[in-house]
>>> print(open('final-v6.pdb').read())   # PDB, C-alpha atoms
ATOM      1  CA  HIS A   1      79.075  50.371   0.430
ATOM      2  CA  GLU A   2      75.837  52.186   1.318
ATOM      3  CA  GLY A   3      75.832  50.420   4.701
ATOM      4  CA  VAL A   4      78.656  52.750   5.726
ATOM      5  CA  VAL A   5      76.061  55.543   6.017
ATOM      6  CA  MET A   6      75.230  54.314   9.523
ATOM      7  CA  PHE A   7      78.852  54.556  10.665
ATOM      8  CA  ARG A   8      79.419  57.893   8.914
ATOM      9  CA  HIS A   9      76.514  59.476  10.776
ATOM     10  CA  THR A  10      76.875  57.716  14.146
ATOM     11  CA  LEU A  11      80.643  57.810  14.770
ATOM     12  CA  PRO A  12      80.638  61.500  15.812
ATOM     13  CA  MET A  13      78.055  60.630  18.503
ATOM     14  CA  LEU A  14      79.993  57.897  20.307
ATOM     15  CA  ASP A  15      81.992  59.954  22.800
ATOM     16  CA  ARG A  16      79.213  62.373  23.740
ATOM     17  CA  PRO A  17      76.310  62.009  26.179
ATOM     18  CA  GLY A  18      73.823  62.150  23.302
ATOM     19  CA  PRO A  19      73.399  63.337  19.704
ATOM     20  CA  GLU A  20      72.051  66.701  18.719
ATOM     21  CA  PRO A  21      68.538  66.711  17.179
ATOM     22  CA  GLY A  22      69.985  67.754  13.827
ATOM     23  CA  GLU A  23      72.315  64.756  13.822
ATOM     24  CA  ILE A  24      69.415  62.432  14.559
ATOM     25  CA  VAL A  25      67.390  63.857  11.688
ATOM     26  CA  ALA A  26      70.402  63.567   9.349
ATOM     27  CA  LEU A  27      70.835  59.907  10.287
ATOM     28  CA  ILE A  28      67.155  59.084   9.794
ATOM     29  CA  THR A  29      67.051  61.003   6.506
ATOM     30  CA  ALA A  30      70.041  59.012   5.263
ATOM     31  CA  ALA A  31      68.342  55.782   6.303
ATOM     32  CA  THR A  32      65.159  56.794   4.464
ATOM     33  CA  GLU A  33      67.139  57.573   1.302
ATOM     34  CA  ALA A  34      68.815  54.175   1.596
ATOM     35  CA  VAL A  35      65.387  52.547   1.720
ATOM     36  CA  ASP A  36      64.530  54.178  -1.610
ATOM     37  CA  ARG A  37      67.808  53.074  -3.187
ATOM     38  CA  PHE A  38      67.624  49.471  -2.040
ATOM     39  CA  LEU A  39      63.835  49.025  -2.264
ATOM     40  CA  PRO A  40      62.703  51.000  -5.329
ATOM     41  CA  ALA A  41      58.999  51.631  -5.787
ATOM     42  CA  SER A  42      58.910  49.240  -8.768
ATOM     43  CA  ILE A  43      59.624  46.246  -6.512
ATOM     44  CA  SER A  44      56.552  44.188  -5.762
ATOM     45  CA  LEU A  45      55.878  40.863  -4.116
ATOM     46  CA  SER A  46      53.300  38.670  -5.870
ATOM     47  CA  GLY A  47      51.997  41.744  -7.648
ATOM     48  CA  GLN A  48      51.269  43.531  -4.385
ATOM     49  CA  GLU A  49      52.586  46.849  -3.163
ATOM     50  CA  ASN A  50      55.841  46.626  -1.219
ATOM     51  CA  GLN A  51      54.409  46.690   2.311
ATOM     52  CA  PRO A  52      57.771  46.208   4.151
ATOM     53  CA  LYS A  53      59.164  49.266   2.411
ATOM     54  CA  MET A  54      56.081  51.329   3.255
ATOM     55  CA  ARG A  55      56.308  50.337   6.917
ATOM     56  CA  LEU A  56      60.030  51.109   7.058
ATOM     57  CA  ARG A  57      59.572  54.513   5.453
ATOM     58  CA  HIS A  58      56.734  55.260   7.889
ATOM     59  CA  ARG A  59      58.929  54.363  10.877
ATOM     60  CA  CYS A  60      61.800  56.504   9.569
ATOM     61  CA  SER A  61      59.561  59.508   8.937
ATOM     62  CA  THR A  62      57.801  59.102  12.303
ATOM     63  CA  LEU A  63      61.101  59.084  14.189
ATOM     64  CA  ALA A  64      62.439  62.016  12.174
ATOM     65  CA  GLU A  65      59.352  64.116  12.857
ATOM     66  CA  ARG A  66      59.558  63.293  16.561
ATOM     67  CA  HIS A  67      63.056  64.750  16.741
ATOM     68  CA  ARG A  68      62.327  67.699  14.448
ATOM     69  CA  ALA A  69      59.386  68.820  16.519
ATOM     70  CA  VAL A  70      59.765  70.784  19.725
ATOM     71  CA  PRO A  71      57.888  68.658  22.281
ATOM     72  CA  ALA A  72      55.134  70.340  24.237
ATOM     73  CA  LYS A  73      55.961  70.684  27.884
ATOM     74  CA  LYS A  74      54.141  68.049  29.883
ATOM     75  CA  ALA A  75      52.505  69.112  33.106
ATOM     76  CA  ALA A  76      54.487  67.610  35.945
ATOM     77  CA  ASP A  77      52.800  64.629  37.546
ATOM     78  CA  GLY A  78      54.855  65.195  40.673
ATOM     79  CA  LEU A  79      56.155  61.624  40.662
ATOM     80  CA  SER A  80      59.165  60.340  42.541
ATOM     81  CA  ALA A  81      61.395  57.826  40.758
ATOM     82  CA  ALA A  82      64.295  55.554  41.618
ATOM     83  CA  MET A  83      66.563  53.696  39.221
ATOM     84  CA  ILE A  84      68.487  50.649  40.423
ATOM     85  CA  GLY A  85      71.428  50.043  38.102
ATOM     86  CA  VAL A  86      72.644  53.018  36.078
ATOM     87  CA  GLY A  87      74.520  51.549  33.123
ATOM     88  CA  ARG A  88      74.435  52.832  29.547
ATOM     89  CA  MET A  89      70.710  52.300  29.057
ATOM     90  CA  GLY A  90      69.883  53.649  32.495
ATOM     91  CA  GLN A  91      72.020  56.722  31.849
ATOM     92  CA  ALA A  92      70.255  57.354  28.537
ATOM     93  CA  LEU A  93      66.946  57.475  30.401
ATOM     94  CA  ALA A  94      68.115  59.319  33.506
ATOM     95  CA  ARG A  95      69.991  61.960  31.502
ATOM     96  CA  ASN A  96      66.795  63.091  29.827
ATOM     97  CA  TRP A  97      64.744  62.878  33.012
ATOM     98  CA  VAL A  98      67.053  65.044  35.112
ATOM     99  CA  GLN A  99      67.610  67.565  32.316
ATOM    100  CA  ASP A 100      63.878  68.007  31.730
ATOM    101  CA  PRO A 101      62.011  66.620  34.749
ATOM    102  CA  GLN A 102      58.865  68.546  33.840
ATOM    103  CA  SER A 103      58.436  66.655  30.560
ATOM    104  CA  ALA A 104      59.202  63.387  32.355
ATOM    105  CA  GLY A 105      56.594  64.202  34.986
ATOM    106  CA  LEU A 106      59.122  63.677  37.772
ATOM    107  CA  THR A 107      60.060  65.743  40.801
ATOM    108  CA  SER A 108      62.897  63.526  42.071
ATOM    109  CA  VAL A 109      65.163  60.815  40.651
ATOM    110  CA  ALA A 110      67.187  58.554  42.964
ATOM    111  CA  LEU A 111      70.100  56.830  41.212
ATOM    112  CA  ILE A 112      71.116  53.596  42.923
ATOM    113  CA  ASP A 113      74.545  52.288  41.958
ATOM    114  CA  PRO A 114      77.104  50.820  44.397
ATOM    115  CA  THR A 115      80.025  52.076  42.276
ATOM    116  CA  PRO A 116      78.741  55.119  40.373
ATOM    117  CA  SER A 117      80.755  56.088  37.316
ATOM    118  CA  ASP A 118      81.819  59.646  36.533
ATOM    119  CA  ALA A 119      78.821  59.909  34.210
ATOM    120  CA  VAL A 120      76.429  58.894  36.997
ATOM    121  CA  ILE A 121      78.086  61.315  39.431
ATOM    122  CA  ALA A 122      77.555  64.080  36.878
ATOM    123  CA  LEU A 123      73.866  63.174  36.638
ATOM    124  CA  GLY A 124      73.635  63.386  40.410
ATOM    125  CA  LYS A 125      74.557  67.073  40.288
ATOM    126  CA  HIS A 126      71.191  67.981  38.785
ATOM    127  CA  PRO A 127      68.734  69.484  41.296
ATOM    128  CA  VAL A 128      66.179  66.655  41.057
ATOM    129  CA  ALA A 129      68.735  63.833  41.252
ATOM    130  CA  VAL A 130      70.389  62.168  44.225
ATOM    131  CA  ILE A 131      72.798  59.227  44.300
ATOM    132  CA  ASN A 132      72.337  56.309  46.701
ATOM    133  CA  PRO A 133      69.898  57.804  49.224
ATOM    134  CA  ASP A 134      68.274  55.666  51.905
ATOM    135  CA  PRO A 135      65.516  53.502  50.396
ATOM    136  CA  LYS A 136      61.860  54.458  50.647
ATOM    137  CA  PRO A 137      58.867  53.657  48.416
ATOM    138  CA  VAL A 138      58.664  55.744  45.240
ATOM    139  CA  ASP A 139      56.004  56.230  42.586
ATOM    140  CA  VAL A 140      58.124  54.701  39.803
ATOM    141  CA  LEU A 141      60.924  52.176  40.258
ATOM    142  CA  ILE A 142      63.139  51.323  37.291
ATOM    143  CA  MET A 143      65.019  48.034  37.493
ATOM    144  CA  ALA A 144      68.007  48.340  35.153
ATOM    145  CA  VAL A 145      70.486  45.828  36.570
ATOM    146  CA  LYS A 146      71.743  42.783  34.696
ATOM    147  CA  PRO A 147      69.185  39.977  35.016
ATOM    148  CA  GLN A 148      71.666  37.611  36.674
ATOM    149  CA  VAL A 149      72.110  40.161  39.467
ATOM    150  CA  PHE A 150      68.394  40.462  40.211
ATOM    151  CA  PRO A 151      68.063  37.444  42.567
ATOM    152  CA  ASP A 152      70.803  38.862  44.805
ATOM    153  CA  ILE A 153      69.396  42.386  45.101
ATOM    154  CA  LYS A 154      65.623  41.926  44.892
ATOM    155  CA  ALA A 155      65.134  41.960  48.682
ATOM    156  CA  GLU A 156      66.916  45.308  48.964
ATOM    157  CA  ALA A 157      65.152  46.609  45.841
ATOM    158  CA  ALA A 158      61.767  45.798  47.397
ATOM    159  CA  LYS A 159      62.363  48.573  49.949
ATOM    160  CA  TRP A 160      61.817  51.083  47.141
ATOM    161  CA  ALA A 161      58.325  49.825  46.276
ATOM    162  CA  ASN A 162      54.884  49.349  47.756
ATOM    163  CA  SER A 163      51.401  48.625  46.395
ATOM    164  CA  LYS A 164      51.240  52.098  44.803
ATOM    165  CA  THR A 165      54.521  51.766  42.874
ATOM    166  CA  LEU A 166      54.855  51.254  39.133
ATOM    167  CA  VAL A 167      57.861  48.974  38.616
ATOM    168  CA  MET A 168      59.468  49.244  35.180
ATOM    169  CA  SER A 169      61.983  46.538  34.337
ATOM    170  CA  VAL A 170      64.462  46.535  31.451
ATOM    171  CA  MET A 171      65.978  43.249  32.645
ATOM    172  CA  ALA A 172      65.892  40.709  29.821
ATOM    173  CA  GLY A 173      64.259  37.397  30.661
ATOM    174  CA  ILE A 174      62.727  38.448  33.998
ATOM    175  CA  THR A 175      58.994  37.794  33.730
ATOM    176  CA  ILE A 176      56.067  39.769  35.103
ATOM    177  CA  LYS A 177      55.373  36.870  37.486
ATOM    178  CA  GLN A 178      58.925  37.016  38.888
ATOM    179  CA  LEU A 179      58.686  40.786  39.289
ATOM    180  CA  ALA A 180      55.282  40.560  40.955
ATOM    181  CA  GLU A 181      56.687  38.074  43.466
ATOM    182  CA  ALA A 182      59.580  40.413  44.265
ATOM    183  CA  PHE A 183      57.343  43.509  44.496
ATOM    184  CA  PRO A 184      54.004  42.362  45.966
ATOM    185  CA  GLY A 185      51.047  44.496  44.938
ATOM    186  CA  ALA A 186      53.070  46.749  42.627
ATOM    187  CA  ARG A 187      52.038  47.413  39.044
ATOM    188  CA  ILE A 188      54.580  45.951  36.611
ATOM    189  CA  ALA A 189      55.831  47.106  33.205
ATOM    190  CA  ARG A 190      58.249  44.710  31.522
ATOM    191  CA  CYS A 191      60.231  46.635  28.899
ATOM    192  CA  MET A 192      62.621  45.482  26.182
ATOM    193  CA  PRO A 193      64.894  48.212  24.770
ATOM    194  CA  ASN A 194      67.668  47.696  22.233
ATOM    195  CA  THR A 195      71.188  49.089  22.065
ATOM    196  CA  PRO A 196      70.464  52.046  19.695
ATOM    197  CA  GLY A 197      68.365  53.373  22.556
ATOM    198  CA  ALA A 198      71.614  54.550  24.155
ATOM    199  CA  ILE A 199      71.675  57.374  21.562
ATOM    200  CA  GLY A 200      67.905  57.828  21.332
ATOM    201  CA  LEU A 201      67.455  55.814  18.124
ATOM    202  CA  GLY A 202      66.142  52.559  19.513
ATOM    203  CA  VAL A 203      62.839  50.711  19.661
ATOM    204  CA  THR A 204      61.441  49.642  23.028
ATOM    205  CA  GLY A 205      58.477  47.322  23.463
ATOM    206  CA  PHE A 206      56.651  46.812  26.738
ATOM    207  CA  CYS A 207      53.928  44.743  28.337
ATOM    208  CA  LEU A 208      51.930  45.413  31.504
ATOM    209  CA  SER A 209      50.649  43.378  34.417
ATOM    210  CA  ASP A 210      46.890  42.901  34.743
ATOM    211  CA  ASN A 211      46.629  45.357  37.640
ATOM    212  CA  CYS A 212      48.043  48.271  35.643
ATOM    213  CA  LYS A 213      45.860  51.305  35.025
ATOM    214  CA  SER A 214      45.284  53.107  31.734
ATOM    215  CA  ILE A 215      47.471  56.001  32.896
ATOM    216  CA  ASP A 216      50.378  53.573  33.334
ATOM    217  CA  THR A 217      50.552  53.099  29.560
ATOM    218  CA  ASP A 218      51.017  56.850  29.070
ATOM    219  CA  ARG A 219      53.591  57.068  31.844
ATOM    220  CA  VAL A 220      55.622  54.129  30.533
ATOM    221  CA  GLU A 221      55.603  55.539  27.000
ATOM    222  CA  ASN A 222      56.633  58.975  28.254
ATOM    223  CA  LEU A 223      59.427  57.694  30.476
ATOM    224  CA  LEU A 224      60.808  55.377  27.760
ATOM    225  CA  SER A 225      60.601  57.963  24.952
ATOM    226  CA  PRO A 226      64.234  59.161  25.391
ATOM    227  CA  LEU A 227      65.301  55.769  23.970
ATOM    228  CA  GLY A 228      63.435  56.301  20.663
ATOM    229  CA  LEU A 229      60.236  54.673  19.422
ATOM    230  CA  VAL A 230      58.052  52.952  22.023
ATOM    231  CA  GLU A 231      55.713  50.093  21.067
ATOM    232  CA  GLY A 232      53.073  48.679  23.362
ATOM    233  CA  PRO A 233      51.525  47.471  25.393
ATOM    234  CA  ILE A 234      51.955  44.053  23.777
ATOM    235  CA  ARG A 235      51.222  40.625  25.227
ATOM    236  CA  GLU A 236      53.994  39.222  27.375
ATOM    237  CA  GLU A 237      54.258  36.120  25.182
ATOM    238  CA  GLN A 238      55.310  38.461  22.361
ATOM    239  CA  ILE A 239      58.312  39.807  24.276
ATOM    240  CA  ASP A 240      60.612  36.990  23.128
ATOM    241  CA  ALA A 241      59.770  37.706  19.481
ATOM    242  CA  LEU A 242      60.329  41.414  20.021
ATOM    243  CA  THR A 243      63.673  40.645  21.677
ATOM    244  CA  ALA A 244      64.741  38.601  18.657
ATOM    245  CA  VAL A 245      63.722  41.269  16.135
ATOM    246  CA  SER A 246      64.499  44.618  17.758
ATOM    247  CA  GLY A 247      66.953  43.430  20.411
ATOM    248  CA  CYS A 248      69.153  41.346  18.113
ATOM    249  CA  GLY A 249      68.391  43.088  14.822
ATOM    250  CA  PRO A 250      70.961  45.914  15.151
ATOM    251  CA  ALA A 251      73.739  43.376  15.746
ATOM    252  CA  TYR A 252      72.937  41.649  12.452
ATOM    253  CA  VAL A 253      72.977  45.011  10.629
ATOM    254  CA  PHE A 254      76.419  45.824  12.032
ATOM    255  CA  LEU A 255      77.660  42.291  11.279
ATOM    256  CA  LEU A 256      76.543  42.653   7.664
ATOM    257  CA  THR A 257      78.227  46.061   7.423
ATOM    258  CA  GLU A 258      81.476  44.651   8.831
ATOM    259  CA  ALA A 259      81.325  41.743   6.380
ATOM    260  CA  MET A 260      80.829  44.120   3.440
ATOM    261  CA  ALA A 261      83.778  46.246   4.570
ATOM    262  CA  ALA A 262      85.947  43.134   4.966
ATOM    263  CA  ALA A 263      84.971  42.024   1.460
ATOM    264  CA  GLY A 264      86.005  45.415   0.114
ATOM    265  CA  ARG A 265      89.437  45.101   1.720
ATOM    266  CA  LYS A 266      89.790  41.569   0.321
ATOM    267  CA  LEU A 267      89.045  42.919  -3.157
ATOM    268  CA  GLY A 268      91.808  45.499  -2.869
ATOM    269  CA  LEU A 269      90.185  48.577  -1.358
ATOM    270  CA  SER A 270      92.005  50.430   1.392
ATOM    271  CA  GLN A 271      90.658  50.071   4.931
ATOM    272  CA  ASP A 272      89.500  53.713   4.988
ATOM    273  CA  MET A 273      87.677  53.326   1.695
ATOM    274  CA  SER A 274      86.032  50.019   2.519
ATOM    275  CA  ASP A 275      84.984  51.229   5.965
TER     276      ASP A 275
END
>>> encode(input="final-v6.pdb", output="structure tokens")
Amino acid sequence: HEGVVMFRHTLPMLDRPGPEPGEIVALITAATEAVDRFLPASISLSGQENQPKMRLRHRCSTLAERHRAVPAKKAADGLSAAMIGVGRMGQALARNWVQDPQSAGLTSVALIDPTPSDAVIALGKHPVAVINPDPKPVDVLIMAVKPQVFPDIKAEAAKWANSKTLVMSVMAGITIKQLAEAFPGARIARCMPNTPGAIGLGVTGFCLSDNCKSIDTDRVENLLSPLGLVEGPIREEQIDALTAVSGCGPAYVFLLTEAMAAAGRKLGLSQDMSD
């Protein structure tokens, strides 16, 4: 029944733009306590210290400290950005950027969506944001459309980039080579977020094209930080493994939790109790 801790702490967050810092810390603290209950210190593998538990506790404490701390204001880089496709993940990023553009290092954020939702329209009311302006090259272009849509819109998307643009893609399965062909000369960051990123509790890995600069690593990490932990740069051949672990992992956790709740109901518990 301990798996219910995730639902108990995350349900109040579902209908809001994002959780409060205190809620995030409460969730991570509960997860850390669960680690101790399920993986006691006495557990060892082949006589060795329980390394998986140590790594998990480190990740939990790192994420908790990140949300407890008041981040230092980052000097604005004066960058212009455009996001093509503003779904749930795009909104999670853009919301933080337009609310605190100084920390994001941005001076303008163009939101490109042919049918903007109410949430996107609300984002467009911030001073640094604008919805569906005429295309022109920007410093940072975020490709956040569904991968199957990319072939149909890449020619139009190319109008937002030139050889000085950093293109960040969160499109699953679209390689650096494909992106480089669509955006000639641009520097490419291929990013793989997971669904908990929508509430700032995810893990995002990224890899970079060979022509990226050292500052691009810092910029990618900074711009992706609203989604949670950021890992990288990694090698592109590792992206599929990262997708399997961090991208699919949350679904298996929720599936297990649902199965445990269903088992409780089968054994006679009420739905409220088993859930």
>>> resolve_selection(input="final-v6.pdb", expression="the PyMOL selection byres ((chain A and resi 172) around 10)", output="MDAnalysis selection string")
chainID A and resid 144:148 169:171 173:175 190:193 239:240 243 247
>>> atom_distance(input="final-v6.pdb", atom1="atom CA of Ser80 of chain A", atom2="atom CA of Gly200 of chain A")
23.1 Å
>>> closest_residue(input="final-v6.pdb", among="A:Leu179, A:Ala262, A:Val86, A:Ala92", to="Lys154 of chain A", atoms="all atoms listed in the file")
A:Leu179
>>> resolve_selection(input="final-v6.pdb", expression="the PyMOL selection byres ((chain A and resi 105) around 12)", output="ChimeraX atom specification")
/A:73-81,96-104,106-109,128,139-140,218-223
>>> residues_around(input="final-v6.pdb", residues="Pro250 of chain A", least_positions_apart="5", cutoff="12 Å", atoms="all atoms listed in the file", output="PyMOL selection string")
chain A and resi 6+193-197+201-203+243-245+255-257
>>> resolve_selection(input="final-v6.pdb", expression="the PyMOL selection byres ((chain A and resi 230) around 7)", output="list in words")
Val203, Thr204, Gly205, Glu221, Leu224, Ser225, Gly228, Leu229, Glu231 and Gly232 of chain A
>>> residues_around(input="final-v6.pdb", residues="Asp216 of chain A", least_positions_apart="4", cutoff="9 Å", atoms="all atoms listed in the file", output="list in words")
Leu166, Arg187, Ala189, Leu208, Cys212, Val220 and Glu221 of chain A
>>> atom_distance(input="final-v6.pdb", atom1="atom CA of Pro116 of chain A", atom2="atom CA of Phe183 of chain A")
24.7 Å
>>> closest_residue(input="final-v6.pdb", among="A:Pro133, A:Gly87, A:Gly249, A:Pro184", to="Asp118 of chain A", atoms="all atoms listed in the file")
A:Gly87
>>> atom_distance(input="final-v6.pdb", atom1="atom CA of Pro135 of chain A", atom2="atom CA of Ile112 of chain A")
9.3 Å
>>> residues_near_point(input="final-v6.pdb", point="(88.3, 52.4, 4.4)", cutoff="12 Å", atoms="all atoms listed in the file", output="number ranges by chain")
A: 1, 4, 7-8, 258, 260-266, 268-275
>>> residues_near_point(input="final-v6.pdb", point="(79.8, 61.2, 32.8)", cutoff="10 Å", atoms="only C-alpha atoms", output="PyMOL selection string")
chain A and resi 16-17+91+95+116-123
